[in-house]
Amino acid sequence: MAAVPRWVFIHHRIVNAMKPVRQPNILILLTAAAAVAPLSAHAAYLAAPAPFDVTIQTGMGSDTGSLQWSIAADPSGQDGPNVLSELTYRDVKFSVFNASADINIHRGWLAGSTVFMTYRKGDASSGEVQDSDYAGNNRTQEYSRSYSSAEDSSMGAFEFGIRHPVHLTESSRLVPAVAFAHHYQNMLMTDGKQVVDTHNPANLGEFRGTLKSSYNTEWNGLWAGFTWEYHTRRQQLSLGIKHYWLDYTAEADWNLRSDFAHPKSFEHWATGTGTGFDVSYQYRFSRTFSLSMAWYLIDWGTGAGTDKVYFAGGSTGGSQLNEVTWESTGYNLGLQLLF
């Protein structure tokens, strides 16, 4: 047998000496890695931005609106006066409470977007109502006209939507948005006074009975629009425009009409569109506290629709609802808090 070289013995001694050391070291390293990994992940989670933050804004303002509708003499709008009766609620002034919430999303596929909700509620302190009836086409041969007060009418709105900014420059951006919209007006008529009655002039003057008629509307639909925003470290100027697609319904109680049913005397249905425009300015005192002021304009209208009348005896009738329009302007002063 040939002699084993000396270097082979040396190699085996080194390898055998390392075995008891090398294996525990690997176990220690694996154990440390397993312990550190979740801590590192938790630290990374804490270092990342919160999933979302919430901005709350409340404020008070004023809204002045005018609602107008008219009906034809028959369902086709062709026979008889094309405007048989017309109601105009003019310059109805509401004191309005506003509240809104923005949920600013920082993670996930909606990162950078904002889910928003707005709420408005107002009560009227003044306003005039004109009720006119015509015997001729195009508002001619007026045979009856009365005026009344729209005081104590109310209005409100709720909107829910989402927006996502597109940055144009370092200090400006365009913010497209879509939303569901629900708006309503509960219009009252009180303190009636007859000023034209060609059939019975003795009826002129204050109404003989106590007038308390109501006309309650709902505008439901969607809007899409965008806002241009320009901001500095503490200030922001915004210009917004919206287009609305709306379903209109209304229910009325004409309390002095004994030939009508109560509390539902007639209903209206129609579809329409409209626009909205707003300008706002915001001053940021700190990261969490801001003051804002805004001015807005709304202009909605429907096409021809349906007027259905419910009579006291249980029968129904109807004619064409020619159109309904709602125009309002208003302003709001608000306080904004970021959480």
# chains A, B, ... in the order shown; residues from 1 in each chain; ligands from 1
>>> closest_atom_pairs(of="stretch 64-182 of chain A", to="stretch 284-298 of chain A", cutoff="12 Å", atoms="only C-alpha atoms", output="CSV")
residue,atom,partner,partner_atom,distance
A:Thr64,CA,A:Leu297,CA,9.9
A:Gly65,CA,A:Ile298,CA,8.9
A:Ser66,CA,A:Ile298,CA,10.5
A:Leu67,CA,A:Ile298,CA,11.6
A:Asn98,CA,A:Ala294,CA,11.4
>>> residues_around(residues="A:Val83", least_positions_apart="4", cutoff="7 Å", atoms="only C-alpha atoms", output="list in words")
Ser70, Ile71, Ala72, Ala73, Tyr134, Asn137, Asn138 and Arg139 of chain A
>>> closest_atom_pairs(of="stretch 128-161 of chain A", to="stretch 218-229 of chain A", cutoff="10 Å", atoms="only C-alpha atoms", output="CSV")
residue,atom,partner,partner_atom,distance
A:Met155,CA,A:Glu218,CA,9.8
A:Gly156,CA,A:Glu218,CA,9.7
A:Ala157,CA,A:Trp219,CA,9.2
A:Phe158,CA,A:Asn220,CA,9.8
A:Glu159,CA,A:Leu222,CA,9.1
A:Phe160,CA,A:Leu222,CA,9.6
A:Gly161,CA,A:Trp223,CA,9.2
>>> write_last_selection(atoms="N, CA and C atoms", output="tab-separated table (two decimals), in the first residue's frame")
chain	number	residue	atom	x	y	z
A	155	MET	N	-85.28	72.88	0.70
A	155	MET	CA	-84.56	72.21	-0.38
A	155	MET	C	-83.42	71.42	0.23
A	156	GLY	N	-82.87	70.49	-0.56
A	156	GLY	CA	-81.76	69.69	-0.07
A	156	GLY	C	-81.11	68.92	-1.19
A	157	ALA	N	-79.97	68.31	-0.89
A	157	ALA	CA	-79.24	67.55	-1.89
A	157	ALA	C	-78.30	66.57	-1.22
A	158	PHE	N	-78.05	65.47	-1.92
A	158	PHE	CA	-77.02	64.51	-1.52
A	158	PHE	C	-76.33	64.04	-2.79
A	159	GLU	N	-74.99	64.05	-2.79
A	159	GLU	CA	-74.21	63.58	-3.93
A	159	GLU	C	-73.11	62.65	-3.44
A	160	PHE	N	-72.81	61.63	-4.27
A	160	PHE	CA	-71.79	60.65	-3.93
A	160	PHE	C	-71.02	60.32	-5.20
A	161	GLY	N	-69.69	60.47	-5.18
A	161	GLY	CA	-68.93	60.25	-6.40
A	161	GLY	C	-67.46	60.01	-6.16
>>> residues_around(residues="A:Gly112", least_positions_apart="2", cutoff="10 Å", atoms="only C-alpha atoms", output="list in words")
Phe52, Asn104, Ile105, His106, Arg107, Gly108, Trp109, Leu110, Thr114, Arg163, His164, Pro165 and Val166 of chain A
>>> write_last_selection(atoms="C-alpha atoms", output="CSV table (one decimal), in the first residue's frame")
chain,number,residue,atom,x,y,z
A,52,PHE,CA,-56.4,56.8,3.3
A,104,ASN,CA,-58.4,60.4,0.0
A,105,ILE,CA,-57.1,57.0,-1.0
A,106,HIS,CA,-53.3,56.3,-0.9
A,107,ARG,CA,-53.0,52.6,-1.6
A,108,GLY,CA,-54.5,50.0,-4.0
A,109,TRP,CA,-55.8,50.4,-7.5
A,110,LEU,CA,-57.7,53.6,-6.5
A,114,THR,CA,-60.9,60.7,-3.8
A,163,ARG,CA,-62.6,62.0,-8.7
A,164,HIS,CA,-59.0,61.6,-9.8
A,165,PRO,CA,-56.5,64.4,-10.4
A,166,VAL,CA,-54.3,64.8,-13.5
>>> closest_residue(among="A:Ser154, A:Gly136, A:Thr232, A:Thr118", to="A:Arg173", atoms="only C-alpha atoms")
A:Thr232
>>> residues_around(residues="A:Gln320", least_positions_apart="6", cutoff="10 Å", atoms="only C-alpha atoms", output="number ranges by chain")
A: 70-78, 82-84, 268-269, 304-308
>>> write_last_selection(atoms="C-alpha atoms", output="mmCIF file, in the first residue's frame")
data_model
loop_
_atom_site.group_PDB
_atom_site.id
_atom_site.type_symbol
_atom_site.label_atom_id
_atom_site.label_comp_id
_atom_site.auth_asym_id
_atom_site.auth_seq_id
_atom_site.Cartn_x
_atom_site.Cartn_y
_atom_site.Cartn_z
ATOM 1 C CA SER A 70 -96.401 74.579 -17.031
ATOM 2 C CA ILE A 71 -98.957 72.154 -18.472
ATOM 3 C CA ALA A 72 -100.899 72.045 -21.737
ATOM 4 C CA ALA A 73 -104.655 71.593 -22.064
ATOM 5 C CA ASP A 74 -104.388 67.967 -23.262
ATOM 6 C CA PRO A 75 -101.874 65.082 -23.322
ATOM 7 C CA SER A 76 -100.769 65.841 -26.887
ATOM 8 C CA GLY A 77 -100.125 69.521 -26.272
ATOM 9 C CA GLN A 78 -101.873 70.296 -29.579
ATOM 10 C CA ASN A 82 -100.429 74.964 -25.320
ATOM 11 C CA VAL A 83 -99.861 76.639 -21.943
ATOM 12 C CA LEU A 84 -103.007 76.159 -19.888
ATOM 13 C CA HIS A 268 -95.360 65.022 -12.734
ATOM 14 C CA TRP A 269 -92.708 62.963 -14.569
ATOM 15 C CA ALA A 304 -92.068 67.416 -22.227
ATOM 16 C CA GLY A 305 -93.400 64.953 -19.677
ATOM 17 C CA THR A 306 -96.582 63.694 -18.027
ATOM 18 C CA ASP A 307 -99.083 65.467 -15.779
ATOM 19 C CA LYS A 308 -101.435 63.032 -13.986
#
>>> select_by_dssp(residues="stretch 39-191 of chain A", states="strand (DSSP E)", output="CSV table (one decimal) with C-alpha atoms, in the first residue's frame")
chain,number,residue,atom,x,y,z
A,52,PHE,CA,-56.4,56.8,3.3
A,53,ASP,CA,-57.2,60.0,5.1
A,54,VAL,CA,-60.5,61.9,5.6
A,55,THR,CA,-61.2,65.6,5.0
A,56,ILE,CA,-64.4,67.0,6.6
A,57,GLN,CA,-65.9,70.3,5.7
A,58,THR,CA,-69.0,72.1,7.1
A,59,GLY,CA,-70.3,75.6,6.3
A,60,MET,CA,-73.3,77.9,5.9
A,61,GLY,CA,-74.4,79.8,2.9
A,62,SER,CA,-77.3,81.2,0.9
A,63,ASP,CA,-79.1,80.0,-2.2
A,64,THR,CA,-81.6,81.9,-4.3
A,65,GLY,CA,-83.6,79.7,-6.7
A,66,SER,CA,-86.5,79.9,-9.2
A,67,LEU,CA,-88.7,76.9,-10.2
A,68,GLN,CA,-91.1,77.1,-13.1
A,69,TRP,CA,-93.4,74.5,-14.7
A,70,SER,CA,-96.4,74.6,-17.0
A,71,ILE,CA,-99.0,72.2,-18.5
A,85,SER,CA,-101.5,76.7,-16.4
A,86,GLU,CA,-98.1,77.9,-15.3
A,87,LEU,CA,-96.5,78.1,-11.8
A,88,THR,CA,-93.5,80.2,-11.1
A,89,TYR,CA,-91.7,80.1,-7.7
A,90,ARG,CA,-89.6,83.2,-8.1
A,91,ASP,CA,-86.5,84.4,-6.1
A,92,VAL,CA,-86.9,81.8,-3.3
A,93,LYS,CA,-84.1,82.6,-0.8
A,94,PHE,CA,-82.8,79.7,1.3
A,95,SER,CA,-80.4,79.6,4.2
A,96,VAL,CA,-78.3,76.5,3.6
A,97,PHE,CA,-76.2,74.2,5.8
A,98,ASN,CA,-73.5,72.3,3.9
A,99,ALA,CA,-71.4,69.3,4.9
A,100,SER,CA,-69.0,67.2,2.9
A,101,ALA,CA,-66.5,64.4,3.4
A,102,ASP,CA,-63.6,63.4,1.1
A,103,ILE,CA,-61.9,60.0,1.5
A,104,ASN,CA,-58.4,60.4,0.0
A,105,ILE,CA,-57.1,57.0,-1.0
A,114,THR,CA,-60.9,60.7,-3.8
A,115,VAL,CA,-64.3,59.3,-2.9
A,116,PHE,CA,-66.6,62.2,-1.9
A,117,MET,CA,-70.0,62.8,-0.4
A,118,THR,CA,-71.8,66.1,-0.1
A,119,TYR,CA,-75.0,67.1,1.8
A,120,ARG,CA,-77.0,70.3,1.7
A,121,LYS,CA,-80.2,71.4,3.5
A,122,GLY,CA,-81.9,74.8,3.3
A,123,ASP,CA,-85.0,76.6,4.5
A,124,ALA,CA,-86.6,79.5,2.7
A,125,SER,CA,-87.2,82.9,4.4
A,126,SER,CA,-88.8,84.6,1.4
A,127,GLY,CA,-90.0,84.1,-2.2
A,128,GLU,CA,-93.0,84.8,-4.4
A,129,VAL,CA,-95.3,82.3,-6.3
A,130,GLN,CA,-97.3,83.3,-9.4
A,131,ASP,CA,-100.1,81.0,-10.6
A,132,SER,CA,-101.5,82.0,-14.0
A,133,ASP,CA,-104.1,80.3,-16.3
A,134,TYR,CA,-104.6,81.0,-20.0
A,135,ALA,CA,-107.4,80.6,-22.6
A,136,GLY,CA,-105.1,81.2,-25.6
A,140,THR,CA,-102.4,84.8,-24.1
A,141,GLN,CA,-105.9,85.5,-22.8
A,142,GLU,CA,-104.9,85.2,-19.2
A,143,TYR,CA,-108.1,84.7,-17.2
A,144,SER,CA,-106.7,83.9,-13.7
A,145,ARG,CA,-103.6,85.0,-11.8
A,146,SER,CA,-102.7,84.8,-8.1
A,147,TYR,CA,-99.7,85.5,-6.0
A,148,SER,CA,-98.6,83.8,-2.8
A,149,SER,CA,-95.6,83.3,-0.5
A,154,SER,CA,-87.2,73.8,1.8
A,155,MET,CA,-84.6,72.2,-0.4
A,156,GLY,CA,-81.8,69.7,-0.1
A,157,ALA,CA,-79.2,67.6,-1.9
A,158,PHE,CA,-77.0,64.5,-1.5
A,159,GLU,CA,-74.2,63.6,-3.9
A,160,PHE,CA,-71.8,60.6,-3.9
A,161,GLY,CA,-68.9,60.3,-6.4
A,162,ILE,CA,-65.3,59.8,-7.2
A,163,ARG,CA,-62.6,62.0,-8.7
A,166,VAL,CA,-54.3,64.8,-13.5
A,167,HIS,CA,-51.3,67.0,-12.8
A,172,SER,CA,-52.0,73.2,-11.3
A,173,ARG,CA,-54.1,70.1,-12.1
A,174,LEU,CA,-57.3,69.0,-13.8
A,175,VAL,CA,-59.6,66.9,-11.7
A,176,PRO,CA,-62.3,64.8,-13.7
A,177,ALA,CA,-65.2,63.5,-11.6
A,178,VAL,CA,-68.4,61.6,-11.8
A,179,ALA,CA,-71.2,61.4,-9.2
A,180,PHE,CA,-74.8,60.3,-8.4
A,181,ALA,CA,-77.0,63.3,-7.5
A,182,HIS,CA,-80.2,63.5,-5.5
A,183,HIS,CA,-81.8,67.0,-5.2
A,184,TYR,CA,-85.2,68.1,-4.0
A,185,GLN,CA,-87.3,71.1,-3.4
A,186,ASN,CA,-90.4,71.1,-1.1
A,187,MET,CA,-92.2,74.3,-2.3
A,188,LEU,CA,-95.1,75.8,-0.3
A,189,MET,CA,-97.8,78.3,-1.2
A,190,THR,CA,-99.3,80.4,1.6
A,191,ASP,CA,-101.0,83.7,2.0
>>> closest_residue(among="A:Ala270, A:Ser280, A:Glu206, A:Ser258", to="A:Leu239", atoms="only C-alpha atoms")
A:Ser280
>>> residues_around(residues="A:Phe266", least_positions_apart="3", cutoff="12 Å", atoms="only C-alpha atoms", output="PyMOL selection string")
chain A and resi 71+213-216+249-255+257+259-263+269+306-312+315-319+321
